[in-house]
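Here is upload-v4.cif, consisting of mmCIF, C-alpha atoms:
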```cif
data_target
#
loop_
_atom_site.label_atom_id
_atom_site.label_comp_id
_atom_site.auth_asym_id
_atom_site.auth_seq_id
_atom_site.Cartn_x
_atom_site.Cartn_y
_atom_site.Cartn_z
CA MET Z 1 9.58 10.00 8.11
CA ASN Z 2 6.22 9.05 9.66
CA THR Z 3 4.95 7.67 6.34
CA LEU Z 4 4.89 4.25 4.71
CA LEU Z 5 4.11 3.57 1.06
CA ILE Z 6 2.44 0.21 0.42
CA ALA Z 7 3.53 -0.70 -3.11
CA GLY Z 8 3.13 -3.91 -5.06
CA THR Z 9 4.52 -6.00 -7.86
CA ASP Z 10 1.37 -5.31 -9.88
CA THR Z 11 -2.30 -4.42 -9.53
CA LYS Z 12 -4.60 -6.70 -7.50
CA VAL Z 13 -1.82 -8.13 -5.33
CA GLY Z 14 -3.44 -7.14 -2.04
CA LYS Z 15 -2.08 -3.71 -1.14
CA THR Z 16 -5.45 -2.61 0.24
CA VAL Z 17 -5.73 -5.77 2.34
CA VAL Z 18 -2.30 -5.08 3.86
CA ILE Z 19 -3.35 -1.50 4.65
CA MET Z 20 -6.58 -2.80 6.19
CA ALA Z 21 -4.59 -5.09 8.50
CA LEU Z 22 -2.34 -2.20 9.58
CA ILE Z 23 -5.34 0.09 10.19
CA ALA Z 24 -7.07 -2.63 12.22
CA TYR Z 25 -3.94 -3.06 14.35
CA TRP Z 26 -3.53 0.68 14.80
CA GLN Z 27 -7.13 1.25 15.84
CA ARG Z 28 -6.98 -1.64 18.29
CA TYR Z 29 -3.65 -0.85 19.96
CA CYS Z 30 -2.90 2.79 19.12
CA SER Z 31 -6.38 4.32 19.15
CA SER Z 32 -5.21 7.42 21.01
CA ARG Z 33 -2.91 8.28 18.09
CA ARG Z 34 -4.00 9.80 14.79
CA LEU Z 35 -3.50 7.70 11.67
CA GLY Z 36 -3.87 9.08 8.15
CA VAL Z 37 -4.62 6.95 5.10
CA MET Z 38 -4.37 7.90 1.45
CA LYS Z 39 -4.40 6.31 -1.96
CA PRO Z 40 -3.25 9.45 -3.82
CA ILE Z 41 -4.06 8.24 -7.34
CA ASP Z 42 -6.60 5.68 -8.49
CA CYS Z 43 -7.96 4.64 -11.86
CA PRO Z 44 -10.25 1.65 -11.20
CA ARG Z 45 -11.71 1.61 -14.71
CA ASP Z 46 -8.32 0.45 -15.89
CA GLY Z 47 -8.18 -2.35 -13.35
CA TYR Z 48 -6.08 -0.48 -10.80
CA SER Z 49 -8.63 -0.58 -8.00
CA ALA Z 50 -7.01 -2.70 -5.33
CA SER Z 51 -10.26 -4.18 -4.04
CA GLY Z 52 -9.98 -6.90 -6.65
CA ASP Z 53 -13.43 -6.18 -8.04
CA SER Z 54 -13.85 -5.99 -11.78
CA PRO Z 55 -14.24 -2.37 -12.87
CA SER Z 56 -17.82 -1.57 -13.80
CA THR Z 57 -18.72 0.02 -17.12
CA ASP Z 58 -20.78 2.72 -15.39
CA GLY Z 59 -17.93 3.88 -13.21
CA ALA Z 60 -19.55 2.57 -10.01
CA SER Z 61 -16.24 1.06 -8.91
CA ILE Z 62 -14.57 4.46 -8.76
CA GLY Z 63 -13.70 5.26 -5.17
CA ARG Z 64 -14.92 1.87 -3.90
CA ASP Z 65 -11.73 1.13 -1.95
CA SER Z 66 -11.65 4.50 -0.20
CA GLU Z 67 -15.36 4.27 0.63
CA LEU Z 68 -14.77 0.78 2.04
CA LEU Z 69 -11.99 2.06 4.30
CA VAL Z 70 -14.09 4.99 5.56
CA ARG Z 71 -17.07 2.73 6.25
CA GLN Z 72 -15.24 -0.22 7.81
CA PHE Z 73 -12.81 1.72 9.98
CA LYS Z 74 -14.77 4.89 10.69
CA LEU Z 75 -11.85 7.04 9.59
CA ASP Z 76 -12.04 10.77 10.18
CA GLN Z 77 -11.39 11.30 6.48
CA SER Z 78 -13.78 11.38 3.55
CA ALA Z 79 -13.39 9.07 0.55
CA THR Z 80 -12.31 12.10 -1.50
CA GLU Z 81 -9.62 12.98 1.04
CA ILE Z 82 -8.33 9.41 0.91
CA THR Z 83 -8.23 9.40 -2.91
CA PRO Z 84 -7.85 13.01 -4.10
CA LEU Z 85 -6.93 12.18 -7.70
CA MET Z 86 -9.35 9.83 -9.48
CA LEU Z 87 -8.72 9.13 -13.17
CA SER Z 88 -10.60 7.11 -15.77
CA THR Z 89 -7.39 5.54 -17.07
CA LEU Z 90 -3.65 5.42 -16.33
CA PRO Z 91 -2.14 8.88 -15.73
CA ALA Z 92 0.27 8.59 -18.66
CA ILE Z 93 -2.57 7.63 -21.03
CA ALA Z 94 -4.89 10.33 -19.66
CA THR Z 95 -2.20 12.94 -20.28
CA ALA Z 96 -1.53 11.73 -23.83
CA LYS Z 97 -5.19 11.34 -24.86
CA ASP Z 98 -6.85 14.24 -23.08
CA GLY Z 99 -3.96 16.61 -22.60
CA ARG Z 100 -4.78 16.58 -18.91
CA GLN Z 101 -2.01 17.62 -16.56
CA ILE Z 102 -1.75 15.34 -13.54
CA GLU Z 103 -1.61 17.64 -10.51
CA LEU Z 104 0.93 15.68 -8.50
CA GLU Z 105 2.11 18.79 -6.68
CA LEU Z 106 -1.39 19.27 -5.26
CA VAL Z 107 -1.44 15.63 -4.13
CA TRP Z 108 1.96 16.06 -2.47
CA GLN Z 109 0.68 19.11 -0.58
CA GLN Z 110 -2.23 17.05 0.71
CA ILE Z 111 0.15 14.30 1.84
CA GLN Z 112 2.26 16.85 3.69
CA GLN Z 113 -0.85 18.08 5.51
CA LEU Z 114 -1.70 14.49 6.42
CA GLN Z 115 1.82 13.99 7.77
CA GLN Z 116 0.94 16.27 10.68
CA ARG Z 117 -0.71 13.15 12.13
CA ASP Z 118 1.24 10.52 14.05
CA PHE Z 119 1.57 8.19 11.06
CA VAL Z 120 0.44 7.98 7.44
CA LEU Z 121 -0.21 4.94 5.25
CA LEU Z 122 -0.11 5.52 1.50
CA GLU Z 123 -1.21 3.04 -1.15
CA ALA Z 124 0.61 3.09 -4.49
CA LEU Z 125 -1.07 3.05 -7.86
CA GLY Z 126 -0.72 -0.46 -9.28
CA GLY Z 127 2.83 -1.79 -9.19
CA LEU Z 128 6.14 0.01 -8.81
CA GLY Z 129 6.44 0.02 -12.58
CA SER Z 130 3.01 1.58 -13.18
CA PRO Z 131 3.47 4.59 -15.50
CA LEU Z 132 2.60 8.08 -14.32
CA THR Z 133 3.95 9.80 -17.41
CA TYR Z 134 5.90 8.64 -20.45
CA GLU Z 135 9.07 9.29 -18.45
CA THR Z 136 8.20 8.33 -14.87
CA THR Z 137 6.80 5.39 -12.94
CA MET Z 138 5.38 4.88 -9.46
CA ALA Z 139 8.91 3.95 -8.38
CA ASP Z 140 10.20 7.33 -9.53
CA LEU Z 141 7.48 9.05 -7.49
CA ALA Z 142 8.42 7.06 -4.38
CA TRP Z 143 12.00 8.26 -4.78
CA ASP Z 144 11.04 11.86 -5.56
CA TRP Z 145 8.80 12.09 -2.50
CA HIS Z 146 11.33 10.21 -0.30
CA LEU Z 147 8.74 7.61 0.74
CA PRO Z 148 9.88 4.58 2.74
CA THR Z 149 8.25 1.63 0.98
CA VAL Z 150 7.19 -1.95 1.57
CA LEU Z 151 6.60 -4.29 -1.38
CA VAL Z 152 3.54 -6.57 -1.43
CA VAL Z 153 4.23 -9.79 -3.33
CA PRO Z 154 1.35 -12.17 -4.12
CA VAL Z 155 1.76 -15.84 -3.19
CA GLN Z 156 1.26 -17.46 -6.57
CA PRO Z 157 3.36 -19.04 -9.32
CA GLY Z 158 6.03 -16.55 -10.41
CA ALA Z 159 6.18 -14.83 -7.02
CA VAL Z 160 9.95 -15.17 -6.72
CA ALA Z 161 10.62 -13.71 -10.17
CA HIS Z 162 8.20 -10.84 -9.54
CA ALA Z 163 9.84 -10.09 -6.20
CA VAL Z 164 13.33 -10.10 -7.70
CA ALA Z 165 12.32 -7.86 -10.63
CA ASN Z 166 10.51 -5.31 -8.48
CA VAL Z 167 13.25 -5.12 -5.87
CA ALA Z 168 15.71 -4.54 -8.73
CA LEU Z 169 13.48 -1.68 -9.94
CA ALA Z 170 13.32 -0.28 -6.40
CA ASN Z 171 17.11 -0.42 -6.11
CA GLN Z 172 17.53 1.22 -9.51
CA SER Z 173 15.15 3.98 -8.46
CA LYS Z 174 17.00 4.37 -5.12
CA ILE Z 175 13.85 3.74 -3.09
CA HIS Z 176 14.16 3.13 0.63
CA LEU Z 177 12.61 -0.35 0.42
CA LYS Z 178 12.12 -1.66 3.95
CA GLY Z 179 11.17 -5.17 2.91
CA ILE Z 180 8.48 -7.46 1.59
CA ILE Z 181 5.07 -8.67 2.71
CA LEU Z 182 3.81 -11.89 1.15
CA ASN Z 183 0.06 -11.95 0.51
CA ALA Z 184 -2.07 -15.00 -0.27
CA VAL Z 185 -4.34 -13.60 -2.97
CA GLN Z 186 -6.15 -16.94 -3.14
CA PRO Z 187 -6.67 -19.82 -0.70
CA CYS Z 188 -3.49 -21.89 -0.60
CA CYS Z 189 -1.95 -24.55 1.61
CA ALA Z 190 1.44 -24.55 3.34
CA GLN Z 191 2.94 -26.50 0.44
CA ASP Z 192 1.77 -23.82 -2.01
CA TRP Z 193 3.53 -21.16 0.08
CA GLU Z 194 6.72 -23.22 0.07
CA ASN Z 195 6.57 -23.93 -3.67
CA TRP Z 196 5.51 -20.48 -4.86
CA ALA Z 197 7.05 -18.06 -2.34
CA PRO Z 198 9.81 -19.67 -0.26
CA ILE Z 199 10.90 -16.98 2.19
CA ASP Z 200 14.57 -18.00 2.39
CA LEU Z 201 14.93 -17.95 -1.41
CA ILE Z 202 13.21 -14.57 -1.77
CA GLN Z 203 15.35 -13.03 0.95
CA SER Z 204 18.52 -14.51 -0.51
CA LEU Z 205 17.85 -13.27 -4.06
CA THR Z 206 16.47 -9.83 -3.16
CA ARG Z 207 18.59 -9.17 -0.05
CA LYS Z 208 15.45 -7.73 1.51
CA PRO Z 209 13.67 -9.12 4.58
CA VAL Z 210 10.21 -10.64 4.45
CA LEU Z 211 8.51 -8.58 7.16
CA GLY Z 212 5.23 -10.44 7.26
CA CYS Z 213 2.83 -12.89 5.68
CA MET Z 214 -0.81 -12.15 4.94
CA PRO Z 215 -2.96 -15.30 4.82
CA HIS Z 216 -6.03 -15.42 2.62
CA LEU Z 217 -8.97 -14.15 4.69
CA ALA Z 218 -12.50 -14.99 3.62
CA ASP Z 219 -13.99 -12.24 5.83
CA LEU Z 220 -12.22 -8.90 5.58
CA ALA Z 221 -14.83 -7.40 7.91
CA ASP Z 222 -13.29 -9.32 10.83
CA LEU Z 223 -11.20 -6.51 12.29
CA ASN Z 224 -9.95 -8.62 15.17
CA LYS Z 225 -8.48 -11.15 12.74
CA LEU Z 226 -6.93 -8.41 10.62
CA ALA Z 227 -5.30 -6.87 13.70
CA GLN Z 228 -4.11 -10.30 14.86
CA VAL Z 229 -2.42 -10.93 11.50
CA ALA Z 230 -0.65 -7.55 11.52
CA ALA Z 231 0.51 -8.11 15.12
CA GLU Z 232 2.67 -10.98 13.85
CA TRP Z 233 4.56 -8.76 11.38
CA GLU Z 234 7.80 -6.91 12.09
CA LEU Z 235 5.93 -3.75 12.96
CA GLU Z 236 8.90 -1.82 14.31
CA ARG Z 237 10.35 -1.89 10.79
CA LEU Z 238 7.02 -1.14 9.13
CA LEU Z 239 5.93 1.53 11.63
CA PRO Z 240 9.22 2.90 12.99
CA GLY Z 241 9.09 4.51 16.40
CA LEU Z 242 5.79 2.80 17.25
CA GLU Z 243 6.88 1.67 20.72
CA GLU Z 244 8.21 5.11 21.63
CA LEU Z 245 5.04 6.72 20.29
CA LEU Z 246 2.83 4.54 22.48
CA LEU Z 247 4.85 5.48 25.57
CA GLN Z 248 4.36 9.22 24.97
CA PRO Z 249 1.34 11.02 26.49
CA SER Z 250 -1.44 11.38 23.92
#
```
Could I get this structure in the form of structure tokens?
Amino acid sequence: MNTLLIAGTDTKVGKTVVIMALIAYWQRYCSSRRLGVMKPIDCPRDGYSASGDSPSTDGASIGRDSELLVRQFKLDQSATEITPLMLSTLPAIATAKDGRQIELELVWQQIQQLQQRDFVLLEALGGLGSPLTYETTMADLAWDWHLPTVLVVPVQPGAVAHAVANVALANQSKIHLKGIILNAVQPCCAQDWENWAPIDLIQSLTRKPVLGCMPHLADLADLNKLAQVAAEWELERLLPGLEELLLQPS
């Protein structure tokens, strides 16, 4: 499948930053190929906006991530196309409180249309365990839609435990989990990486490969740096068929 779901251990772990790095790489090296980007569901008022900004009381944060992507990367998609389903709170809570039916089938149809492009990057809502209904989580949706997934794990105390728990959830949900990307959500030194997120230990306990490391970047507008970081990841696992795609006539 020409689609990759960027999921996380929780909200605000850097999923959007990882997507930004992949977009920057794609636009630098694969500009003749069409890339689609979507965050199908967002509810920033509940803290699930991946930009890391605190949700505003007036709703100004709604759609901020998708607008940032459109503006920074000049995507041929509108912010609404990137985030078709915007909620004021978690889907499960919105359904229970307002009786609102979450139109996941409509979102899936939009993803299928986007999959006519060469590759699609999807950003998950919150963490793999984020509830969509009282019976299903984001992990269940990844399985139901057959989405190959990469797990973003923040480099901070507890990273190993969070990685182990979320990989266990992915295995339980029978997700095709390609591997892990470690993301420095705050400035940290090499010793912090070794103490908080030792790669060998994470790979040994989860039996999943660490496919890349995302350092803390002070300037996310530096597209060259973002592309340079992504170029050091195991891109053939993250973006399967990339080399063959680049060899084909556009």
Inset, instruction - Check what the PyMOL selection byres ((chain Z and resi 112) around 12) selects in the file above and give those residues as a PyMOL selection string. - result: chain Z and resi 1-3+36+38+40+105-111+113-117+119-120+122+145-147
Inset, instruction - Select, from Z:Asp10, Z:Thr16, Z:Pro84, Z:Pro131, the residue with the minimum atom-to-atom distance to Leu68 in chain Z, counting only C-alpha atoms. - result: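 Checking each of Z:Asp10, Z:Thr16, Z:Pro84, Z:Pro131 against Leu68 in chain Z, counting only C-alpha atoms, the winner is Z:Thr16.
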Inset, instruction - Go through Z:Val185, Z:Ala79, Z:Ala163, Z:Met86 and flag the residue nearest Cys43 in chain Z, using only C-alpha atoms for the distances. - result: Z:Met86
Inset, instruction - Mind checking which residues fall within 10 Å of His162 in chain Z, counting all atoms listed in the file, ignoring those fewer than 2 positions away in the same chain, and posting them as a list in words? - result: Gly8, Thr9, Asp10, Val153, Pro154, Pro157, Gly158, Ala159, Val160, Val164, Ala165, Asn166, Val167, Ala168 and Ile202 of chain Z
Could you turn the residues from that selection into a file that holds C-alpha atoms, as an mmCIF file, in the frame of the given file?
```
data_model
loop_
_atom_site.group_PDB
_atom_site.id
_atom_site.type_symbol
_atom_site.label_atom_id
_atom_site.label_comp_id
_atom_site.auth_asym_id
_atom_site.auth_seq_id
_atom_site.Cartn_x
_atom_site.Cartn_y
_atom_site.Cartn_z
ATOM 1 C CA GLY Z 8 3.130 -3.910 -5.060
ATOM 2 C CA THR Z 9 4.520 -6.000 -7.860
ATOM 3 C CA ASP Z 10 1.370 -5.310 -9.880
ATOM 4 C CA VAL Z 153 4.230 -9.790 -3.330
ATOM 5 C CA PRO Z 154 1.350 -12.170 -4.120
ATOM 6 C CA PRO Z 157 3.360 -19.040 -9.320
ATOM 7 C CA GLY Z 158 6.030 -16.550 -10.410
ATOM 8 C CA ALA Z 159 6.180 -14.830 -7.020
ATOM 9 C CA VAL Z 160 9.950 -15.170 -6.720
ATOM 10 C CA VAL Z 164 13.330 -10.100 -7.700
ATOM 11 C CA ALA Z 165 12.320 -7.860 -10.630
ATOM 12 C CA ASN Z 166 10.510 -5.310 -8.480
ATOM 13 C CA VAL Z 167 13.250 -5.120 -5.870
ATOM 14 C CA ALA Z 168 15.710 -4.540 -8.730
ATOM 15 C CA ILE Z 202 13.210 -14.570 -1.770
#
```
Legend entry - Nearest to Ala161 in chain Z by atom-to-atom distance, counting all atoms listed in the file, from Z:Pro198, Z:Gly179, Z:Gly126, Z:Pro148: Z:Pro198
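Interatomic distance, CA of Leu182 in chain Z against CA of Ile199 in chain Z: 8.8 Å.
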Legend entry - Separation of CA of Pro240 in chain Z from CA of Ile41 in chain Z, in Å and rounded to one decimal: 24.9 Å
Legend entry - Surrounding residues of Asp144 in chain Z excluding itself and chain neighbours under 2 positions, 12 Å, all atoms listed in the file, as a PyMOL selection string: chain Z and resi 104-105+108+136-142+146-148+173-176
Inset, instruction - Convert the output of the PyMOL selection byres ((chain Z and resi 69) around 12) on the shown file into explicit residues, formatted as a ChimeraX atom specification. - result: /Z:16-17,19-24,36-39,50-51,63-68,70-83,220-221,223
Legend entry - Among listed residues Z:Thr149, Z:Asn183, Z:Gln191, Z:Gln172, nearest Val18 in chain Z (using all atoms listed in the file):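 For Val18 in chain Z, the nearest of the candidates is Z:Asn183.
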